[in-house]
$ cat coords-v7.tsv   # TSV, C-alpha atoms
chain	number	residue	atom	x	y	z
A	1	MET	CA	47.42	24.89	57.70
A	2	SER	CA	46.37	27.95	55.78
A	3	LEU	CA	44.08	30.06	57.87
A	4	GLU	CA	42.74	32.15	55.05
A	5	ILE	CA	39.51	33.07	56.73
A	6	SER	CA	38.56	36.26	55.02
A	7	PRO	CA	37.81	39.28	57.19
A	8	HIS	CA	34.22	39.62	56.03
A	9	ILE	CA	33.36	36.21	57.46
A	10	PRO	CA	31.73	36.89	60.80
A	11	ARG	CA	34.00	35.57	63.48
A	12	GLN	CA	31.56	34.57	66.19
A	13	PRO	CA	29.32	32.31	64.06
A	14	LEU	CA	32.42	30.64	62.62
A	15	LEU	CA	33.86	29.98	66.08
A	16	ARG	CA	30.49	28.64	67.24
A	17	PHE	CA	30.39	26.33	64.24
A	18	ILE	CA	33.92	24.98	64.78
A	19	LEU	CA	33.29	24.48	68.48
A	20	SER	CA	30.03	22.59	67.90
A	21	LEU	CA	31.90	20.12	65.69
A	22	ALA	CA	34.77	19.75	68.17
A	23	ASP	CA	32.42	19.20	71.11
A	24	ASP	CA	30.29	16.62	69.28
A	25	GLU	CA	33.38	14.59	68.37
A	26	LEU	CA	34.87	14.80	71.85
A	27	VAL	CA	31.72	13.77	73.65
A	28	LEU	CA	30.75	10.97	71.26
A	29	GLY	CA	34.36	9.71	71.32
A	30	HIS	CA	34.15	9.60	75.10
A	31	ARG	CA	30.86	7.69	74.96
A	32	ASP	CA	32.35	5.17	72.52
A	33	SER	CA	35.31	4.66	74.84
A	34	GLU	CA	32.88	3.58	77.58
A	35	TRP	CA	32.38	0.33	75.65
A	36	THR	CA	36.01	-0.68	76.19
A	37	GLY	CA	35.88	-4.08	77.88
A	38	HIS	CA	32.08	-4.32	77.60
A	39	ALA	CA	31.19	-4.77	73.93
A	40	PRO	CA	29.26	-7.94	73.02
A	41	ILE	CA	32.17	-9.43	71.09
A	42	LEU	CA	35.90	-8.84	71.30
A	43	GLU	CA	36.19	-7.63	67.69
A	44	GLU	CA	33.53	-4.94	68.23
A	45	ASP	CA	35.19	-3.94	71.50
A	46	ILE	CA	38.40	-3.20	69.63
A	47	ALA	CA	36.60	-1.59	66.70
A	48	LEU	CA	34.73	0.77	69.06
A	49	ALA	CA	37.94	1.64	70.89
A	50	ASN	CA	39.48	2.54	67.52
A	51	ILE	CA	36.47	4.66	66.59
A	52	ALA	CA	36.65	6.40	69.97
A	53	GLN	CA	40.29	7.27	69.35
A	54	ASP	CA	39.46	8.52	65.86
A	55	GLU	CA	36.60	10.73	67.05
A	56	ILE	CA	38.70	12.25	69.82
A	57	GLY	CA	41.48	12.74	67.26
A	58	HIS	CA	39.01	14.59	65.04
A	59	SER	CA	37.92	16.77	67.94
A	60	LEU	CA	41.59	17.69	68.42
A	61	VAL	CA	41.77	18.79	64.78
A	62	TRP	CA	38.80	21.14	65.29
A	63	PHE	CA	40.04	22.33	68.69
A	64	THR	CA	43.45	23.09	67.14
A	65	LEU	CA	41.80	25.27	64.49
A	66	TYR	CA	39.83	26.92	67.28
A	67	GLU	CA	43.09	27.57	69.15
A	68	GLU	CA	44.66	29.18	66.09
A	69	LEU	CA	41.71	31.56	65.90
A	70	THR	CA	41.27	32.30	69.60
A	71	GLY	CA	44.39	31.25	71.52
A	72	HIS	CA	42.42	28.84	73.73
A	73	SER	CA	44.25	25.51	73.88
A	74	PRO	CA	42.51	22.19	73.18
A	75	ASP	CA	43.25	21.03	76.74
A	76	SER	CA	41.69	24.13	78.23
A	77	MET	CA	38.59	23.63	76.09
A	78	ALA	CA	38.23	19.96	76.98
A	79	PHE	CA	39.26	20.05	80.63
A	80	GLU	CA	38.67	23.53	82.00
A	81	ARG	CA	35.18	24.35	80.77
A	82	SER	CA	32.06	23.69	82.77
A	83	TRP	CA	29.73	21.10	81.22
A	84	ARG	CA	27.23	23.92	80.76
A	85	GLU	CA	29.64	25.68	78.37
A	86	PHE	CA	29.87	22.70	76.02
A	87	THR	CA	28.04	23.15	72.72
A	88	CYS	CA	27.62	19.51	71.75
A	89	SER	CA	24.22	18.27	70.65
A	90	ARG	CA	22.18	16.45	73.28
A	91	PHE	CA	22.30	13.46	70.94
A	92	VAL	CA	25.93	12.63	71.75
A	93	SER	CA	25.49	13.26	75.48
A	94	TYR	CA	23.06	10.45	76.21
A	95	PRO	CA	24.41	7.30	77.88
A	96	ILE	CA	25.55	4.43	75.67
A	97	GLY	CA	22.41	2.37	76.26
A	98	ASP	CA	22.52	-1.08	74.71
A	99	PHE	CA	24.58	-2.15	71.72
A	100	ALA	CA	21.68	-1.53	69.30
A	101	TYR	CA	21.39	2.08	70.47
A	102	THR	CA	25.16	2.53	70.16
A	103	VAL	CA	25.15	1.17	66.61
A	104	VAL	CA	22.18	3.29	65.54
A	105	ARG	CA	23.55	6.46	67.14
A	106	GLN	CA	26.97	5.93	65.59
A	107	TYR	CA	25.41	5.34	62.17
A	108	LEU	CA	23.18	8.43	62.29
A	109	PHE	CA	26.15	10.51	63.48
A	110	ASP	CA	28.63	9.10	60.93
A	111	ALA	CA	26.19	9.73	58.07
A	112	ALA	CA	25.69	13.34	59.18
A	113	GLU	CA	29.41	13.81	59.47
A	114	GLN	CA	30.07	12.45	56.01
A	115	VAL	CA	27.48	14.74	54.43
A	116	ARG	CA	28.85	17.71	56.38
A	117	LEU	CA	32.47	16.99	55.44
A	118	ARG	CA	31.49	16.74	51.77
A	119	MET	CA	29.82	20.13	52.07
A	120	LEU	CA	32.87	21.60	53.79
A	121	SER	CA	35.15	20.29	51.05
A	122	GLU	CA	33.38	22.87	48.85
A	123	SER	CA	33.55	25.64	51.45
A	124	LYS	CA	35.13	28.96	50.56
A	125	SER	CA	37.37	28.57	53.59
A	126	ASP	CA	40.68	26.86	52.74
A	127	ALA	CA	41.15	25.84	56.36
A	128	LEU	CA	37.81	24.01	56.40
A	129	ASN	CA	38.51	22.44	52.97
A	130	GLU	CA	41.78	21.06	54.18
A	131	ILE	CA	40.35	19.60	57.39
A	132	ALA	CA	37.34	18.12	55.59
A	133	GLY	CA	39.60	16.35	53.09
A	134	LYS	CA	41.70	14.91	55.89
A	135	LEU	CA	38.86	13.70	58.12
A	136	GLU	CA	36.70	12.34	55.32
A	137	ARG	CA	39.08	9.44	54.62
A	138	GLU	CA	38.78	8.10	58.16
A	139	GLU	CA	35.08	8.89	58.51
A	140	ALA	CA	34.30	6.85	55.40
A	141	TYR	CA	35.43	3.76	57.31
A	142	HIS	CA	33.36	4.62	60.38
A	143	LEU	CA	30.33	4.85	58.13
A	144	LEU	CA	31.19	1.56	56.42
A	145	HIS	CA	31.34	-0.09	59.83
A	146	SER	CA	28.23	1.41	61.45
A	147	GLN	CA	26.14	1.20	58.27
A	148	GLY	CA	27.28	-2.41	57.82
A	149	LEU	CA	26.00	-3.26	61.30
A	150	VAL	CA	22.69	-1.42	60.73
A	151	GLU	CA	22.13	-3.29	57.45
A	152	ARG	CA	22.86	-6.63	59.06
A	153	LEU	CA	21.14	-6.22	62.43
A	154	GLY	CA	18.06	-4.38	61.12
A	155	ASP	CA	16.46	-7.53	59.79
A	156	ALA	CA	18.73	-10.40	60.86
A	157	THR	CA	16.28	-11.95	63.34
A	158	GLU	CA	13.00	-10.91	64.90
A	159	GLU	CA	14.87	-10.09	68.11
A	160	SER	CA	17.61	-8.03	66.45
A	161	HIS	CA	14.95	-6.12	64.50
A	162	ARG	CA	13.02	-5.34	67.69
A	163	HIS	CA	16.15	-3.99	69.42
A	164	MET	CA	17.19	-1.94	66.40
A	165	GLN	CA	13.74	-0.42	65.83
A	166	ALA	CA	13.48	0.50	69.53
A	167	ALA	CA	16.95	2.09	69.33
A	168	LEU	CA	15.92	4.05	66.23
A	169	ASP	CA	12.69	5.27	67.84
A	170	GLN	CA	14.80	6.66	70.66
A	171	ALA	CA	17.78	7.94	68.63
A	172	PHE	CA	16.08	9.53	65.63
A	173	PRO	CA	14.52	12.59	67.31
A	174	GLN	CA	17.77	13.03	69.24
A	175	ALA	CA	19.83	12.85	66.04
A	176	LEU	CA	17.79	15.71	64.58
A	177	GLY	CA	19.36	17.82	67.34
A	178	LEU	CA	22.63	17.62	65.38
A	179	PHE	CA	21.08	20.07	62.91
A	180	GLU	CA	19.93	22.66	65.43
A	181	SER	CA	20.72	26.00	63.84
A	182	LEU	CA	23.52	28.03	65.35
A	183	GLU	CA	23.21	31.68	66.26
A	184	GLY	CA	24.40	33.71	63.26
A	185	GLU	CA	24.54	30.65	61.03
A	186	GLU	CA	22.89	32.51	58.12
A	187	GLU	CA	25.99	34.67	57.90
A	188	LEU	CA	28.12	31.56	57.30
A	189	VAL	CA	25.68	30.51	54.58
A	190	ARG	CA	25.90	33.94	52.92
A	191	GLY	CA	29.70	33.82	53.10
A	192	GLY	CA	29.82	30.42	51.37
A	193	ILE	CA	31.47	28.82	54.40
A	194	PHE	CA	28.77	26.24	55.11
A	195	PRO	CA	25.41	25.72	53.36
A	196	GLY	CA	23.59	25.53	56.70
A	197	ASN	CA	22.18	22.92	59.05
A	198	ARG	CA	18.78	22.85	57.36
A	199	LEU	CA	20.26	21.77	54.05
A	200	LEU	CA	22.59	19.38	55.87
A	201	ARG	CA	19.58	17.77	57.55
A	202	ASP	CA	17.72	17.38	54.24
A	203	GLU	CA	20.73	15.74	52.58
A	204	TRP	CA	21.28	13.54	55.62
A	205	LEU	CA	17.67	12.33	55.38
A	206	GLU	CA	18.17	11.48	51.71
A	207	HIS	CA	21.12	9.37	52.76
A	208	VAL	CA	19.83	7.60	55.90
A	209	VAL	CA	16.14	6.98	55.21
A	210	PRO	CA	16.70	4.56	52.28
A	211	VAL	CA	19.42	2.69	54.20
A	212	LEU	CA	17.18	2.33	57.26
A	213	ASN	CA	14.19	1.25	55.16
A	214	GLU	CA	16.33	-1.28	53.33
A	215	ALA	CA	17.19	-2.74	56.74
A	216	SER	CA	13.43	-2.95	57.57
A	217	LEU	CA	13.72	-0.04	60.01
A	218	ARG	CA	11.13	2.75	60.01
A	219	PRO	CA	12.21	6.26	61.02
A	220	PRO	CA	9.44	8.82	61.80
A	221	VAL	CA	9.44	10.57	58.41
A	222	GLN	CA	7.01	11.10	55.54
A	223	ARG	CA	7.82	11.80	51.94
A	224	GLN	CA	6.70	15.28	50.88
A	225	ARG	CA	7.41	15.78	47.21
A	226	GLU	CA	11.07	16.85	47.05
A	227	ARG	CA	12.09	16.05	50.60
A	228	TRP	CA	11.45	14.02	53.73
A	229	GLY	CA	9.15	15.59	56.30
A	230	ILE	CA	9.85	14.98	59.96
A	231	ALA	CA	7.06	13.34	61.98
A	232	CYS	CA	8.62	13.80	65.42
A	233	ARG	CA	9.93	16.56	67.63
A	234	PRO	CA	13.69	17.18	67.29
A	235	ASP	CA	15.56	17.00	70.59
A	236	GLU	CA	17.34	20.36	70.44
A	237	GLY	CA	18.95	22.68	72.98
A	238	GLY	CA	22.53	21.40	73.19
A	239	ARG	CA	23.96	24.07	70.89
A	240	ARG	CA	22.55	26.74	73.23
A	241	GLY	CA	23.96	25.03	76.32
A	242	GLU	CA	20.60	23.55	77.36
A	243	HIS	CA	22.03	20.16	78.15
A	244	VAL	CA	20.73	16.95	79.57
A	245	LYS	CA	21.97	15.72	82.95
A	246	PRO	CA	24.09	12.79	81.68
A	247	LEU	CA	26.54	15.29	80.15
A	248	GLU	CA	27.43	16.58	83.62
A	249	LYS	CA	28.59	13.13	84.71
A	250	LEU	CA	30.47	12.53	81.45
A	251	VAL	CA	32.37	15.82	81.64
A	252	GLY	CA	33.05	15.19	85.35
A	253	ASP	CA	34.58	11.79	84.55
A	254	MET	CA	36.58	13.22	81.65
A	255	GLN	CA	38.00	16.09	83.71
A	256	MET	CA	38.59	14.16	86.95
A	257	VAL	CA	42.28	13.45	86.54
A	258	TYR	CA	43.09	16.82	84.99
A	259	THR	CA	41.45	18.78	87.79
A	260	LEU	CA	43.49	16.86	90.40
A	261	ALA	CA	46.64	18.55	89.11
A	262	PRO	CA	45.84	21.18	86.48
A	263	SER	CA	49.46	22.29	86.15
A	264	ALA	CA	50.87	18.79	85.62
A	265	LYS	CA	52.73	18.18	82.37
A	266	TRP	CA	51.75	14.90	80.68
B	1	MET	CA	23.57	-24.79	74.14
B	2	MET	CA	23.41	-23.18	70.73
B	3	ASP	CA	26.63	-21.56	69.63
B	4	THR	CA	25.77	-17.88	69.25
B	5	GLN	CA	29.26	-16.86	68.16
B	6	TRP	CA	29.85	-15.61	64.67
B	7	GLU	CA	31.98	-17.94	62.59
B	8	THR	CA	35.72	-17.32	62.39
B	9	TYR	CA	37.79	-16.05	59.50
B	10	GLU	CA	41.55	-16.51	59.23
B	11	VAL	CA	43.38	-13.27	58.50
B	12	PHE	CA	46.38	-12.90	56.19
B	13	HIS	CA	48.34	-9.69	56.25
B	14	GLN	CA	50.63	-8.27	53.57
B	15	SER	CA	53.00	-5.53	54.64
B	16	LYS	CA	54.39	-4.69	51.20
B	17	ARG	CA	53.37	-5.40	47.62
B	18	GLY	CA	55.07	-8.51	46.30
B	19	GLU	CA	55.65	-10.01	49.74
B	20	ALA	CA	53.73	-13.06	50.87
B	21	HIS	CA	50.47	-12.66	52.79
B	22	VAL	CA	51.27	-13.90	56.30
B	23	HIS	CA	48.75	-15.51	58.62
B	24	VAL	CA	48.36	-13.22	61.63
B	25	GLY	CA	45.30	-14.59	63.46
B	26	SER	CA	41.55	-14.80	63.16
B	27	VAL	CA	38.39	-12.76	63.71
B	28	HIS	CA	34.74	-13.53	64.39
B	29	ALA	CA	32.47	-12.00	61.77
B	30	PRO	CA	29.01	-12.51	60.24
B	31	ASP	CA	30.26	-12.42	56.62
B	32	PRO	CA	33.44	-11.82	54.58
B	33	GLU	CA	32.94	-8.04	54.18
B	34	MET	CA	32.56	-7.48	57.92
B	35	ALA	CA	35.49	-9.85	58.49
B	36	LEU	CA	37.70	-7.56	56.38
B	37	GLN	CA	36.58	-4.50	58.33
B	38	LEU	CA	37.11	-6.14	61.69
B	39	ALA	CA	40.46	-7.57	60.55
B	40	ARG	CA	41.47	-4.04	59.61
B	41	ASP	CA	40.71	-2.90	63.15
B	42	GLN	CA	42.50	-5.83	64.80
B	43	PHE	CA	45.55	-6.26	62.59
B	44	ALA	CA	46.09	-3.32	60.25
B	45	ARG	CA	45.90	-0.36	62.58
B	46	ARG	CA	49.40	-0.67	63.97
B	47	LEU	CA	51.16	-2.98	61.53
B	48	LYS	CA	51.85	-1.38	58.17
B	49	CYS	CA	49.51	-3.03	55.71
B	50	VAL	CA	48.82	-2.86	51.97
B	51	SER	CA	46.44	-5.83	51.65
B	52	LEU	CA	44.40	-8.20	53.79
B	53	TRP	CA	42.88	-11.56	52.94
B	54	VAL	CA	40.21	-13.26	54.99
B	55	VAL	CA	39.24	-16.90	54.55
B	56	ARG	CA	36.45	-18.75	56.32
B	57	THR	CA	38.22	-21.01	58.81
B	58	LYS	CA	35.97	-23.92	57.84
B	59	ASP	CA	37.05	-23.56	54.19
B	60	ILE	CA	40.60	-24.53	55.09
B	61	THR	CA	41.48	-28.15	54.54
B	62	ALA	CA	44.20	-29.21	56.97
B	63	THR	CA	46.22	-32.24	57.94
B	64	ASP	CA	45.55	-34.08	61.17
B	65	TYR	CA	48.20	-33.87	63.91
B	66	GLN	CA	47.40	-37.50	64.82
B	67	ASN	CA	48.35	-38.65	61.37
B	68	GLU	CA	52.13	-38.34	61.77
B	69	SER	CA	52.82	-40.87	59.06
B	70	PHE	CA	51.59	-38.30	56.53
B	71	PHE	CA	54.96	-36.58	56.93
B	72	ALA	CA	57.08	-39.62	57.74
B	73	GLN	CA	60.42	-40.17	55.98
B	74	VAL	CA	60.99	-43.90	56.06
B	75	THR	CA	64.30	-44.07	54.24
B	76	ASP	CA	67.23	-41.68	54.37
B	77	LYS	CA	66.60	-38.90	51.88
B	78	SER	CA	69.10	-36.43	53.23
B	79	TYR	CA	70.81	-36.41	49.84
B	80	ARG	CA	67.79	-34.36	48.67
B	81	ASP	CA	68.39	-31.57	51.15
B	82	PRO	CA	70.06	-28.52	49.65
B	83	LYS	CA	72.79	-28.34	52.28
B	84	ALA	CA	75.80	-27.66	50.14
B	85	PHE	CA	75.00	-24.06	49.35
B	86	GLU	CA	73.36	-21.06	50.98
B	87	ALA	CA	70.05	-19.97	49.48
B	88	PRO	CA	69.33	-16.28	49.99
B	89	ASP	CA	65.98	-15.63	51.68
B	90	LYS	CA	64.27	-12.97	49.61
B	91	ASN	CA	61.84	-12.19	52.42
B	92	SER	CA	64.54	-11.79	55.03
B	93	PRO	CA	65.16	-8.22	56.18
B	94	HIS	CA	68.92	-9.02	56.35
B	95	GLU	CA	69.51	-9.90	52.73
B	96	SER	CA	72.94	-11.29	52.02
$ encode --input "coords-v7.tsv" --output "structure tokens"
Amino acid sequence: MSLEISPHIPRQPLLRFILSLADDELVLGHRDSEWTGHAPILEEDIALANIAQDEIGHSLVWFTLYEELTGHSPDSMAFERSWREFTCSRFVSYPIGDFAYTVVRQYLFDAAEQVRLRMLSESKSDALNEIAGKLEREEAYHLLHSQGLVERLGDATEESHRHMQAALDQAFPQALGLFESLEGEEELVRGGIFPGNRLLRDEWLEHVVPVLNEASLRPPVQRQRERWGIACRPDEGGRRGEHVKPLEKLVGDMQMVYTLAPSAKW
Amino acid sequence: MMDTQWETYEVFHQSKRGEAHVHVGSVHAPDPEMALQLARDQFARRLKCVSLWVVRTKDITATDYQNESFFAQVTDKSYRDPKAFEAPDKNSPHES
């Protein structure tokens, strides 16, 4: 991979950005894996296990880039950090809830990821271009799957609609936490690395609101001329390490085996 | 009790262009598009695959195992069997 990250790109904001992506993928992948053996139908069980593997695979791609820039290995980042040092959004940390919540969360996340990867494919950083191109192919299928379930369950029956709307009411403010601005982010915007989380959020809204409405689901937004206005309070804090308690348990579970024998070779 | 399962779709997998689609199993799905996606997850993630077909199980018309006479050979027709020469199997990996 070409690591042509030009010297006038501020290093710390770039590292923070890469790490936030890696942590989101790792934690959501772990959450998805918790469905293994518990999904409502066998086919979805296997599909979710596949998605979990993909997301964790994507986190490895970002962690590997992070390693090339800092020397910290992916294993050390995943297994040797305290949960308080993770920079994932709170959104991905929450427990899996019911299947409706899982579907809605995965959809809102996949849509954000697709918009972000498209933006990164136009980044001035070759390394980010290359990764975006690679991940986008797989992410397109995650979106097809989660969006397909949202479209079908949103208005299939009165009961499915009730579950999906309740899941959306819960997940939507949390999902907005994905777009929490990172310290020094404006320097990445100036450098043409990434257009910024604010723009990402606006484009994400353009993508998800019509899909949700089409499925008879109502997110807390209002149209304001050129863009969607948010009518709820975004659940932010994760990027600054202000996490919710469920992350502590998740990271504990994830690191349990590793911490038993940190020097073991797998 | 009402059957709350999704209906089943039979899945046919093609490993290479030009080869036959081979029946590999079935999936539950709410409609053909989801059936293709779920079939991809079940059958195309490890096996090499270039094409999948899904067919609603109930759209398949099949013979009845009870009705053995459907396949019965009453008189000796062994003279029809191509036994005198070897036919190469074009799908066999060990082509002669």
$ residues_around --input "coords-v7.tsv" --residues "segment 152-158 of chain A" --least-positions-apart "3" --cutoff "12 Å" --atoms "only C-alpha atoms" --output "PyMOL selection string"
(chain A and resi 99-101+103-104+144-149+161-168+211-218) or (chain B and resi 29-31+33-34)
$ atom_distance --input "coords-v7.tsv" --atom1 "atom CA of Pro32 of chain B" --atom2 "atom CA of Glu159 of chain A"
23.0 Å
$ closest_residue --input "coords-v7.tsv" --among "A:Val257, A:Ile41, A:Leu28, A:Leu117" --to "Glu55 of chain A" --atoms "all atoms listed in the file"
A:Leu28
$ interface_residues --input "coords-v7.tsv" --of "chain A" --to "chain B" --cutoff "8 Å" --atoms "only C-alpha atoms" --output "number ranges by chain"
A: 43-44, 46-47, 50, 145, 148
$ write_last_selection --input "coords-v7.tsv" --atoms "C-alpha atoms" --output "PDB file, keeping the file's coordinate frame"
ATOM      1  CA  GLU A  43      36.190  -7.630  67.690  1.00  0.00           C
ATOM      2  CA  GLU A  44      33.530  -4.940  68.230  1.00  0.00           C
ATOM      3  CA  ILE A  46      38.400  -3.200  69.630  1.00  0.00           C
ATOM      4  CA  ALA A  47      36.600  -1.590  66.700  1.00  0.00           C
ATOM      5  CA  ASN A  50      39.480   2.540  67.520  1.00  0.00           C
ATOM      6  CA  HIS A 145      31.340  -0.090  59.830  1.00  0.00           C
ATOM      7  CA  GLY A 148      27.280  -2.410  57.820  1.00  0.00           C
TER       8      GLY A 148
END
$ residues_around --input "coords-v7.tsv" --residues "segment 175-185 of chain A" --least-positions-apart "3" --cutoff "6 Å" --atoms "all atoms listed in the file" --output "VMD selection string"
chain A and resid 13 89 91 171 to 172 188 197 234 to 236
$ atom_distance --input "coords-v7.tsv" --atom1 "atom CA of Arg31 of chain A" --atom2 "atom CA of Ile230 of chain A"
26.8 Å
$ residues_around --input "coords-v7.tsv" --residues "Asp75 of chain A" --least-positions-apart "5" --cutoff "10 Å" --atoms "all atoms listed in the file" --output "MDAnalysis selection string"
chainID A and resid 60 63:64 80:81 258
$ closest_residue --input "coords-v7.tsv" --among "A:Arg11, A:Arg90, A:Arg118, A:Lys249" --to "Tyr66 of chain A" --atoms "all atoms listed in the file"
A:Arg11
$ residues_around --input "coords-v7.tsv" --residues "Trp53 of chain B" --least-positions-apart "6" --cutoff "7 Å" --atoms "only C-alpha atoms" --output "PyMOL selection string"
chain B and resi 11-13
$ atom_distance --input "coords-v7.tsv" --atom1 "atom CA of Ser123 of chain A" --atom2 "atom CA of Ile193 of chain A"
4.8 Å
$ residues_around --input "coords-v7.tsv" --residues "Leu205 of chain A" --least-positions-apart "2" --cutoff "12 Å" --atoms "all atoms listed in the file" --output "PyMOL selection string"
chain A and resi 108-109+111-112+115+172+175-176+179+198-203+207-213+219-223+226-230
$ residues_near_point --input "coords-v7.tsv" --point "(36.1, -17.3, 56.7)" --cutoff "8 Å" --atoms "all atoms listed in the file" --output "PyMOL selection string"
chain B and resi 7-10+31-32+35+54-59
